[in-house]
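K.L.:
Supplied structure: target.cif, mmCIF, C-alpha atoms and all ligand atoms.
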```
data_final
#
loop_
_atom_site.label_atom_id
_atom_site.label_comp_id
_atom_site.auth_asym_id
_atom_site.auth_seq_id
_atom_site.Cartn_x
_atom_site.Cartn_y
_atom_site.Cartn_z
CA MET B 606 0.00 0.00 0.00
CA THR B 607 1.28 3.49 -0.74
CA ALA B 608 1.34 6.30 1.77
CA SER B 609 -1.54 8.18 0.21
CA LEU B 610 -4.16 6.32 2.28
CA THR B 611 -2.95 8.20 5.35
CA LYS B 612 -4.75 11.24 3.95
CA CYS B 613 -7.98 9.24 4.00
CA LYS B 614 -9.06 9.75 7.60
CA SER B 615 -12.05 7.42 7.61
CA VAL B 616 -13.34 4.44 5.70
CA LEU B 617 -16.52 2.36 6.06
CA ILE B 618 -16.80 -1.18 4.68
CA THR B 619 -20.06 -3.11 4.29
CA GLY B 620 -20.06 -6.90 4.71
CA SER B 621 -16.92 -7.10 6.89
CA SER B 622 -17.81 -10.36 8.63
CA ARG B 623 -15.83 -12.55 6.20
CA GLY B 624 -14.24 -12.77 2.75
CA ILE B 625 -12.99 -9.66 0.96
CA GLY B 626 -14.67 -7.25 3.40
CA LEU B 627 -12.93 -8.83 6.41
CA GLN B 628 -9.59 -8.89 4.57
CA LEU B 629 -9.96 -5.21 3.62
CA LEU B 630 -10.45 -4.50 7.30
CA LYS B 631 -7.46 -6.67 8.34
CA GLN B 632 -5.01 -5.13 5.87
CA LEU B 633 -6.19 -1.60 6.53
CA ALA B 634 -6.07 -2.05 10.32
CA LYS B 635 -2.55 -3.50 10.29
CA SER B 636 -1.05 -0.99 7.85
CA THR B 637 1.17 1.78 9.11
CA ASP B 638 -0.33 4.05 6.44
CA ARG B 639 -3.88 3.47 7.51
CA PRO B 640 -6.90 5.72 7.86
CA ALA B 641 -7.27 6.73 11.52
CA THR B 642 -10.88 5.56 11.64
CA ILE B 643 -12.01 2.26 10.12
CA ILE B 644 -15.67 1.37 10.42
CA ALA B 645 -16.34 -2.31 9.87
CA THR B 646 -20.02 -2.98 9.35
CA ALA B 647 -21.74 -6.35 9.28
CA ARG B 648 -25.29 -7.58 9.69
CA ASN B 649 -24.21 -9.68 12.67
CA PRO B 650 -20.85 -8.40 13.97
CA THR B 651 -20.87 -10.66 17.03
CA GLY B 652 -21.10 -13.69 14.73
CA SER B 653 -17.60 -13.05 13.33
CA LYS B 654 -14.83 -13.92 15.80
CA GLU B 655 -12.13 -12.35 13.63
CA LEU B 656 -14.07 -9.11 13.30
CA GLN B 657 -14.54 -8.97 17.07
CA GLU B 658 -10.84 -9.64 17.72
CA LEU B 659 -9.75 -6.90 15.32
CA SER B 660 -12.06 -4.31 16.78
CA ASN B 661 -10.97 -5.24 20.32
CA THR B 662 -7.24 -5.07 19.55
CA CYS B 663 -6.80 -2.38 16.86
CA PRO B 664 -7.28 1.23 17.91
CA GLY B 665 -9.57 3.26 15.66
CA VAL B 666 -11.47 0.19 14.42
CA TYR B 667 -15.21 0.38 15.15
CA THR B 668 -17.83 -2.26 14.45
CA VAL B 669 -21.31 -1.13 13.54
CA THR B 670 -24.33 -3.33 12.82
CA LEU B 671 -25.56 -2.82 9.27
CA ASP B 672 -27.88 -5.07 7.29
CA THR B 673 -27.71 -3.28 3.96
CA ASP B 674 -31.12 -4.70 2.95
CA SER B 675 -32.90 -2.92 5.81
CA GLN B 676 -33.66 0.81 5.67
CA GLN B 677 -34.11 0.78 9.45
CA SER B 678 -30.67 -0.77 9.93
CA ILE B 679 -29.16 1.80 7.52
CA SER B 680 -30.73 4.65 9.53
CA SER B 681 -29.43 3.43 12.89
CA ALA B 682 -25.97 2.70 11.44
CA LEU B 683 -25.88 6.23 10.03
CA LYS B 684 -26.49 7.71 13.51
CA GLU B 685 -23.73 5.58 15.01
CA VAL B 686 -21.26 6.44 12.23
CA GLN B 687 -22.11 10.14 12.51
CA SER B 688 -21.14 10.05 16.18
CA ILE B 689 -17.86 8.24 15.35
CA VAL B 690 -16.68 10.54 12.53
CA GLY B 691 -18.14 13.79 13.88
CA SER B 692 -17.48 17.03 11.99
CA LYS B 693 -14.79 15.44 9.79
CA GLY B 694 -17.38 13.40 7.87
CA LEU B 695 -16.66 10.15 6.04
CA ASN B 696 -13.92 9.95 3.38
CA CYS B 697 -14.64 6.57 1.85
CA LEU B 698 -17.62 4.22 1.61
CA ILE B 699 -16.89 0.73 0.27
CA ASN B 700 -20.06 -1.06 -0.83
CA ASN B 701 -18.76 -4.63 -0.61
CA ALA B 702 -21.66 -6.73 0.79
CA ALA B 703 -23.28 -9.00 -1.78
CA ILE B 704 -24.84 -12.41 -2.35
CA ASN B 705 -24.56 -14.94 -5.16
CA ILE B 706 -27.44 -17.34 -5.67
CA SER B 707 -26.51 -19.86 -8.34
CA THR B 708 -29.06 -19.52 -11.17
CA ASP B 709 -28.88 -20.83 -14.71
CA ILE B 710 -31.68 -20.68 -17.27
CA ASP B 711 -33.31 -23.79 -15.73
CA THR B 712 -33.09 -22.76 -12.09
CA VAL B 713 -33.55 -18.98 -12.13
CA THR B 714 -36.69 -17.80 -10.33
CA PRO B 715 -38.29 -14.38 -9.85
CA GLU B 716 -37.53 -14.70 -6.11
CA ALA B 717 -33.80 -15.31 -6.70
CA MET B 718 -33.70 -12.37 -9.12
CA MET B 719 -35.43 -9.95 -6.72
CA LYS B 720 -33.44 -11.01 -3.65
CA THR B 721 -30.12 -10.65 -5.50
CA PHE B 722 -31.16 -7.34 -7.08
CA GLN B 723 -32.08 -6.02 -3.62
CA THR B 724 -28.74 -6.88 -1.97
CA ASN B 725 -26.35 -6.34 -4.89
CA SER B 726 -27.88 -3.34 -6.70
CA VAL B 727 -30.55 -1.56 -4.64
CA ALA B 728 -28.82 -1.71 -1.24
CA PRO B 729 -25.52 -0.08 -2.39
CA LEU B 730 -27.55 2.82 -3.83
CA PHE B 731 -29.56 3.36 -0.63
CA VAL B 732 -26.54 2.93 1.66
CA THR B 733 -24.75 5.57 -0.44
CA LYS B 734 -27.79 7.85 -0.37
CA ALA B 735 -27.98 7.62 3.43
CA PHE B 736 -24.26 8.29 3.96
CA LEU B 737 -24.11 11.08 1.38
CA PRO B 738 -24.26 13.93 3.95
CA LEU B 739 -21.19 12.48 5.71
CA LEU B 740 -19.33 12.11 2.39
CA GLN B 741 -20.28 15.68 1.45
CA THR B 742 -18.97 16.93 4.81
CA ALA B 743 -15.61 15.27 4.14
CA ALA B 744 -15.56 16.49 0.51
CA GLY B 745 -16.10 20.07 1.70
CA GLN B 746 -12.83 19.98 3.64
CA SER B 747 -10.49 19.19 0.77
CA THR B 748 -9.87 19.67 -2.95
CA GLY B 749 -9.07 17.38 -5.88
CA MET B 750 -10.43 13.86 -6.11
CA GLY B 751 -9.46 10.63 -4.40
CA MET B 752 -9.41 8.84 -1.06
CA HIS B 753 -8.07 11.95 0.69
CA ARG B 754 -11.35 13.71 -0.10
CA ALA B 755 -14.44 11.50 -0.61
CA ALA B 756 -15.11 8.30 -2.53
CA VAL B 757 -17.80 5.70 -3.13
CA ILE B 758 -16.30 2.36 -4.14
CA ASN B 759 -18.72 -0.26 -5.43
CA ILE B 760 -17.27 -3.76 -5.36
CA SER B 761 -18.60 -5.12 -8.63
CA SER B 762 -17.57 -8.06 -10.80
CA ILE B 763 -16.36 -8.62 -14.33
CA LEU B 764 -19.44 -10.87 -14.53
CA GLY B 765 -21.48 -7.64 -14.58
CA SER B 766 -19.72 -6.50 -17.76
CA ILE B 767 -22.01 -6.79 -20.79
CA THR B 768 -18.96 -6.82 -23.07
CA TYR B 769 -17.63 -9.85 -21.15
CA THR B 770 -20.70 -11.93 -22.07
CA ARG B 771 -18.96 -12.51 -25.41
CA GLY B 772 -16.16 -15.12 -25.61
CA GLU B 773 -15.07 -16.96 -22.45
CA GLY B 774 -17.35 -14.86 -20.24
CA ALA B 775 -20.35 -16.58 -21.88
CA ASN B 776 -19.50 -19.72 -19.87
CA PHE B 777 -20.51 -18.25 -16.50
CA LYS B 778 -24.19 -19.07 -16.09
CA SER B 779 -25.49 -16.96 -13.29
CA TYR B 780 -28.51 -14.89 -14.26
CA ALA B 781 -29.33 -13.24 -10.93
CA TYR B 782 -25.73 -12.37 -10.00
CA ARG B 783 -24.61 -11.14 -13.43
CA ILE B 784 -27.69 -9.00 -13.96
CA SER B 785 -27.44 -7.54 -10.43
CA LYS B 786 -23.79 -6.55 -10.97
CA ALA B 787 -24.60 -5.01 -14.38
CA ALA B 788 -27.23 -2.96 -12.55
CA LEU B 789 -24.68 -2.02 -9.86
CA ASN B 790 -22.41 -0.79 -12.65
CA MET B 791 -25.20 1.52 -13.81
CA VAL B 792 -25.73 2.66 -10.20
CA THR B 793 -22.02 3.56 -10.21
CA ARG B 794 -22.29 5.59 -13.42
CA CYS B 795 -25.43 7.40 -12.25
CA LEU B 796 -23.77 8.24 -8.92
CA ALA B 797 -20.63 9.39 -10.75
CA ALA B 798 -22.73 11.75 -12.88
CA ASP B 799 -24.44 13.21 -9.80
CA LEU B 800 -21.65 13.32 -7.23
CA GLY B 801 -18.63 14.35 -9.29
CA SER B 802 -19.47 18.03 -8.95
CA HIS B 803 -19.51 17.54 -5.14
CA GLY B 804 -15.94 16.22 -5.28
CA ILE B 805 -17.04 12.65 -4.52
CA LEU B 806 -15.24 10.08 -6.66
CA CYS B 807 -17.42 7.08 -7.64
CA MET B 808 -16.12 3.91 -9.27
CA ALA B 809 -16.66 0.16 -9.64
CA LEU B 810 -13.91 -2.31 -8.69
CA HIS B 811 -13.57 -5.99 -9.66
CA PRO B 812 -11.53 -7.93 -7.07
CA GLY B 813 -10.56 -10.80 -9.41
CA TRP B 814 -11.74 -14.38 -8.88
CA VAL B 815 -11.00 -14.84 -5.20
CA LYS B 816 -10.92 -17.82 -2.80
CA THR B 817 -13.74 -16.83 -0.45
CA ASP B 818 -17.04 -18.47 0.42
CA MET B 819 -18.44 -16.82 -2.71
CA GLY B 820 -15.48 -17.41 -5.04
CA GLY B 821 -14.92 -21.01 -3.89
CA PRO B 822 -11.69 -23.00 -3.40
CA LEU B 823 -10.83 -23.21 -7.13
CA ALA B 824 -10.56 -19.43 -7.52
CA GLU B 825 -7.35 -17.94 -8.97
CA LEU B 826 -6.47 -15.51 -6.22
CA THR B 827 -5.96 -15.61 -2.48
CA VAL B 828 -8.01 -13.06 -0.61
CA GLU B 829 -4.73 -11.51 0.62
CA ASP B 830 -3.44 -10.89 -2.93
CA SER B 831 -6.77 -9.57 -4.19
CA VAL B 832 -7.15 -7.11 -1.31
CA SER B 833 -3.54 -5.99 -1.48
CA GLY B 834 -4.20 -5.12 -5.16
CA LEU B 835 -7.49 -3.41 -4.37
CA LEU B 836 -5.83 -1.23 -1.71
CA THR B 837 -3.05 -0.22 -4.09
CA VAL B 838 -5.68 0.83 -6.63
CA LEU B 839 -7.55 2.79 -3.94
CA SER B 840 -4.35 4.48 -2.76
CA ASN B 841 -3.65 5.80 -6.24
CA LEU B 842 -7.12 7.06 -7.22
CA THR B 843 -7.32 10.41 -8.99
CA ASP B 844 -9.99 12.28 -10.92
CA ASN B 845 -9.10 10.10 -13.96
CA ASP B 846 -10.68 7.12 -12.15
CA HIS B 847 -14.00 8.84 -11.52
CA GLY B 848 -16.81 6.84 -13.19
CA GLU B 849 -14.44 4.01 -14.18
CA PHE B 850 -14.66 0.21 -13.85
CA LYS B 851 -11.29 -1.27 -12.86
CA ASP B 852 -9.87 -4.54 -11.63
CA TYR B 853 -7.62 -5.21 -8.62
CA ARG B 854 -4.52 -4.59 -10.79
CA GLY B 855 -5.77 -1.16 -11.86
CA ASN B 856 -6.71 -2.25 -15.40
CA ASN B 857 -9.86 -0.79 -16.94
CA ILE B 858 -12.70 -3.25 -17.61
CA PRO B 859 -15.08 -2.61 -20.52
CA TRP B 860 -18.66 -2.03 -19.40
P1 LIG B 901 -18.53 -13.67 0.69
O1 LIG B 901 -19.76 -14.45 0.32
O2 LIG B 901 -17.33 -14.38 1.16
O3 LIG B 901 -18.94 -12.54 1.76
C1 LIG B 901 -20.07 -11.75 1.52
C2 LIG B 901 -20.19 -10.71 2.62
O4 LIG B 901 -21.34 -9.90 2.35
C3 LIG B 901 -20.38 -11.33 3.99
O5 LIG B 901 -19.70 -10.54 4.93
C4 LIG B 901 -21.89 -11.22 4.18
O6 LIG B 901 -22.30 -11.15 5.54
C5 LIG B 901 -22.12 -9.87 3.53
N1 LIG B 901 -23.53 -9.62 3.24
C6 LIG B 901 -24.36 -10.25 2.40
N2 LIG B 901 -25.59 -9.72 2.46
C7 LIG B 901 -25.53 -8.70 3.36
C8 LIG B 901 -26.45 -7.76 3.86
N3 LIG B 901 -27.73 -7.74 3.46
N4 LIG B 901 -26.04 -6.86 4.78
C9 LIG B 901 -24.76 -6.85 5.20
N5 LIG B 901 -23.83 -7.72 4.79
C10 LIG B 901 -24.22 -8.64 3.87
O7 LIG B 901 -18.20 -12.81 -0.62
P2 LIG B 901 -16.81 -12.16 -1.09
O8 LIG B 901 -16.07 -11.65 0.07
O9 LIG B 901 -16.17 -13.08 -2.03
O10 LIG B 901 -17.36 -10.94 -1.98
C11 LIG B 901 -17.21 -9.58 -1.59
C12 LIG B 901 -17.57 -8.72 -2.80
O11 LIG B 901 -16.71 -9.04 -3.91
C13 LIG B 901 -18.99 -8.93 -3.30
O12 LIG B 901 -19.52 -7.70 -3.74
C14 LIG B 901 -18.81 -9.87 -4.50
O13 LIG B 901 -19.86 -9.79 -5.43
C15 LIG B 901 -17.50 -9.34 -5.06
N6 LIG B 901 -16.80 -10.27 -5.91
C16 LIG B 901 -16.28 -11.44 -5.40
C17 LIG B 901 -15.62 -12.31 -6.24
C18 LIG B 901 -14.98 -13.57 -5.73
O14 LIG B 901 -14.40 -14.32 -6.57
N7 LIG B 901 -15.03 -13.88 -4.43
C19 LIG B 901 -15.45 -12.04 -7.68
C20 LIG B 901 -16.03 -10.76 -8.09
C21 LIG B 901 -16.67 -9.94 -7.24
P3 LIG B 901 -22.78 -12.46 6.40
O15 LIG B 901 -21.53 -13.07 6.97
O16 LIG B 901 -23.67 -11.86 7.43
O17 LIG B 901 -23.49 -13.38 5.45
#
```
Starting from the file, lay out its structure as structure tokens.

P.N.:
Amino acid sequence: MTASLTKCKSVLITGSSRGIGLQLLKQLAKSTDRPATIIATARNPTGSKELQELSNTCPGVYTVTLDTDSQQSISSALKEVQSIVGSKGLNCLINNAAINISTDIDTVTPEAMMKTFQTNSVAPLFVTKAFLPLLQTAAGQSTGMGMHRAAVINISSILGSITYTRGEGANFKSYAYRISKAALNMVTRCLAADLGSHGILCMALHPGWVKTDMGGPLAELTVEDSVSGLLTVLSNLTDNDHGEFKDYRGNNIPW
């Protein structure tokens, strides 16, 4: 990680109980160049032993309950986060929480579609909308664009790329997940169009195919390597990255 994350005073991660969210928390918390305040949210924080241990041992790490599917949970998390960050606001929101229900043409159901759309596309929009005043507060205290000011990072997937449905990408049969991530990509572009003038950088990030509960044991990347790449990309964000779709190595992905 480069030193530029030190200028990011606060970061909030959704879905920090396990997988990429937990690893983001671990690497951020243990870095010497870390944001002073790291807010790890999860729908059931006490259910994750590692999350509990980190928040008990690392100064500046706070756990907040947040079920991103519940507007009530979003509202109470917002109050808690407001009292943690105070007048400095929130520099970076990472919308990481997601689900993947396996659905091919034979098994896809309206219920699987709606549930996945709610968690993977609708929830990141409404979490962002709720936390916008805190991001605007942080953006008002700096200039330029990047993690030092204010950013919304949507953890997407190359499987949400419509271009990638041609060629080898056609082999991944997952209607609900792919469609929900394509919708999240549009959420990212709409947010980028609205929030750029407020100095809030918005982008979509693909973590690679990662060995987590979601990615499975055959995935190409360890969660450590994926997250180390993601954090390097985050450290180096500039206005050129606003509204972009990138992978964990910093390469642009076609929409
Ligand atoms: P995991 O399944 O390992 O973890 C998912 C996380 O999301 C868990 O912490 C889970 O919490 C949380 N979550 C799910 N629903 C909610 C909710 N309603 N409210 C709060 N938290 C919720 O997934 P990964 O870590 O692999 O994935 C992280 C992100 O990376 C996702 O956006 C995913 O789509 C993306 N991604 C992953 C890839 C991979 O290969 N792993 C590839 C491309 C993208 P709980 O423990 O409570 O269930």

K.L.:
Can you list, as number ranges by chain, every protein, DNA or RNA residue that comes within 8 Å of range 795-807 of chain B when you count all atoms listed in the file, leaving out same-chain residues fewer than 5 positions away?

P.N.:
B: 740-741, 744-745, 748-751, 754-759, 844, 846-849

K.L.:
Would you kindly identify which residues have an atom no farther than 10 Å from (-1.7, -0.1, 4.6), using only C-alpha atoms and the file's own coordinates, and write them out as number ranges by chain?

P.N.:
B: 606-611, 629, 631-640, 833, 836-837, 840

K.L.:
Output C-alpha atoms for every residue in that selection, as a PDB file, in the frame of the given file.

P.N.:
```
ATOM      1  CA  MET B 606       0.000   0.000   0.000  1.00  0.00           C
ATOM      2  CA  THR B 607       1.280   3.490  -0.740  1.00  0.00           C
ATOM      3  CA  ALA B 608       1.340   6.300   1.770  1.00  0.00           C
ATOM      4  CA  SER B 609      -1.540   8.180   0.210  1.00  0.00           C
ATOM      5  CA  LEU B 610      -4.160   6.320   2.280  1.00  0.00           C
ATOM      6  CA  THR B 611      -2.950   8.200   5.350  1.00  0.00           C
ATOM      7  CA  LEU B 629      -9.960  -5.210   3.620  1.00  0.00           C
ATOM      8  CA  LYS B 631      -7.460  -6.670   8.340  1.00  0.00           C
ATOM      9  CA  GLN B 632      -5.010  -5.130   5.870  1.00  0.00           C
ATOM     10  CA  LEU B 633      -6.190  -1.600   6.530  1.00  0.00           C
ATOM     11  CA  ALA B 634      -6.070  -2.050  10.320  1.00  0.00           C
ATOM     12  CA  LYS B 635      -2.550  -3.500  10.290  1.00  0.00           C
ATOM     13  CA  SER B 636      -1.050  -0.990   7.850  1.00  0.00           C
ATOM     14  CA  THR B 637       1.170   1.780   9.110  1.00  0.00           C
ATOM     15  CA  ASP B 638      -0.330   4.050   6.440  1.00  0.00           C
ATOM     16  CA  ARG B 639      -3.880   3.470   7.510  1.00  0.00           C
ATOM     17  CA  PRO B 640      -6.900   5.720   7.860  1.00  0.00           C
ATOM     18  CA  SER B 833      -3.540  -5.990  -1.480  1.00  0.00           C
ATOM     19  CA  LEU B 836      -5.830  -1.230  -1.710  1.00  0.00           C
ATOM     20  CA  THR B 837      -3.050  -0.220  -4.090  1.00  0.00           C
ATOM     21  CA  SER B 840      -4.350   4.480  -2.760  1.00  0.00           C
TER      22      SER B 840
END
```

K.L.:
Return as a PyMOL selection string the residues of protein, DNA or RNA that approach ligand LIG 901 (chain B) to within 9 Å, with only C-alpha atoms and all ligand atoms taken into account.

P.N.:
chain B and resi 619-628+646-650+652-653+670-675+700-705+723-725+728+759-764+782+786+810-821+824-826+828

K.L.:
What is the CA of Leu617 in chain B to CA of Ala788 in chain B distance in Å?

P.N.:
22.1 Å

K.L.:
Determine, counting only C-alpha atoms, which protein, DNA and RNA residues have an atom within 8 Å of an atom of Lys614 in chain B; residues of the same chain fewer than 6 positions away are not included. Present the result as number ranges by chain.

P.N.:
B: 640-642, 695-696, 753

K.L.:
Please measure the separation of CA of Gln687 in chain B and CA of Thr742 in chain B, giving the value in Å to one decimal.

P.N.:
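Straight-line distance from CA of Gln687 in chain B to CA of Thr742 in chain B works out to 10.7 Å.
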
K.L.:
Which residues are close to Ile643 in chain B, i.e. within 10 Å by only C-alpha atoms, leaving aside same-chain residues fewer than 4 positions away? Reply as a PDB file with C-alpha atoms, in the frame of the given file.

P.N.:
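Final output, saved to part37.pdb:
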```pdb
ATOM      1  CA  LYS B 614      -9.060   9.750   7.600  1.00  0.00           C
ATOM      2  CA  SER B 615     -12.050   7.420   7.610  1.00  0.00           C
ATOM      3  CA  VAL B 616     -13.340   4.440   5.700  1.00  0.00           C
ATOM      4  CA  LEU B 617     -16.520   2.360   6.060  1.00  0.00           C
ATOM      5  CA  ILE B 618     -16.800  -1.180   4.680  1.00  0.00           C
ATOM      6  CA  LEU B 630     -10.450  -4.500   7.300  1.00  0.00           C
ATOM      7  CA  LEU B 633      -6.190  -1.600   6.530  1.00  0.00           C
ATOM      8  CA  ALA B 634      -6.070  -2.050  10.320  1.00  0.00           C
ATOM      9  CA  ARG B 639      -3.880   3.470   7.510  1.00  0.00           C
ATOM     10  CA  SER B 660     -12.060  -4.310  16.780  1.00  0.00           C
ATOM     11  CA  CYS B 663      -6.800  -2.380  16.860  1.00  0.00           C
ATOM     12  CA  PRO B 664      -7.280   1.230  17.910  1.00  0.00           C
ATOM     13  CA  GLY B 665      -9.570   3.260  15.660  1.00  0.00           C
ATOM     14  CA  VAL B 666     -11.470   0.190  14.420  1.00  0.00           C
ATOM     15  CA  TYR B 667     -15.210   0.380  15.150  1.00  0.00           C
ATOM     16  CA  THR B 668     -17.830  -2.260  14.450  1.00  0.00           C
ATOM     17  CA  ILE B 689     -17.860   8.240  15.350  1.00  0.00           C
ATOM     18  CA  VAL B 690     -16.680  10.540  12.530  1.00  0.00           C
ATOM     19  CA  CYS B 697     -14.640   6.570   1.850  1.00  0.00           C
TER      20      CYS B 697
END
```

K.L.:
Rounded to one decimal place, report the CA of Asp711 in chain B-CA of Ser785 in chain B distance in Å.

P.N.:
18.1 Å
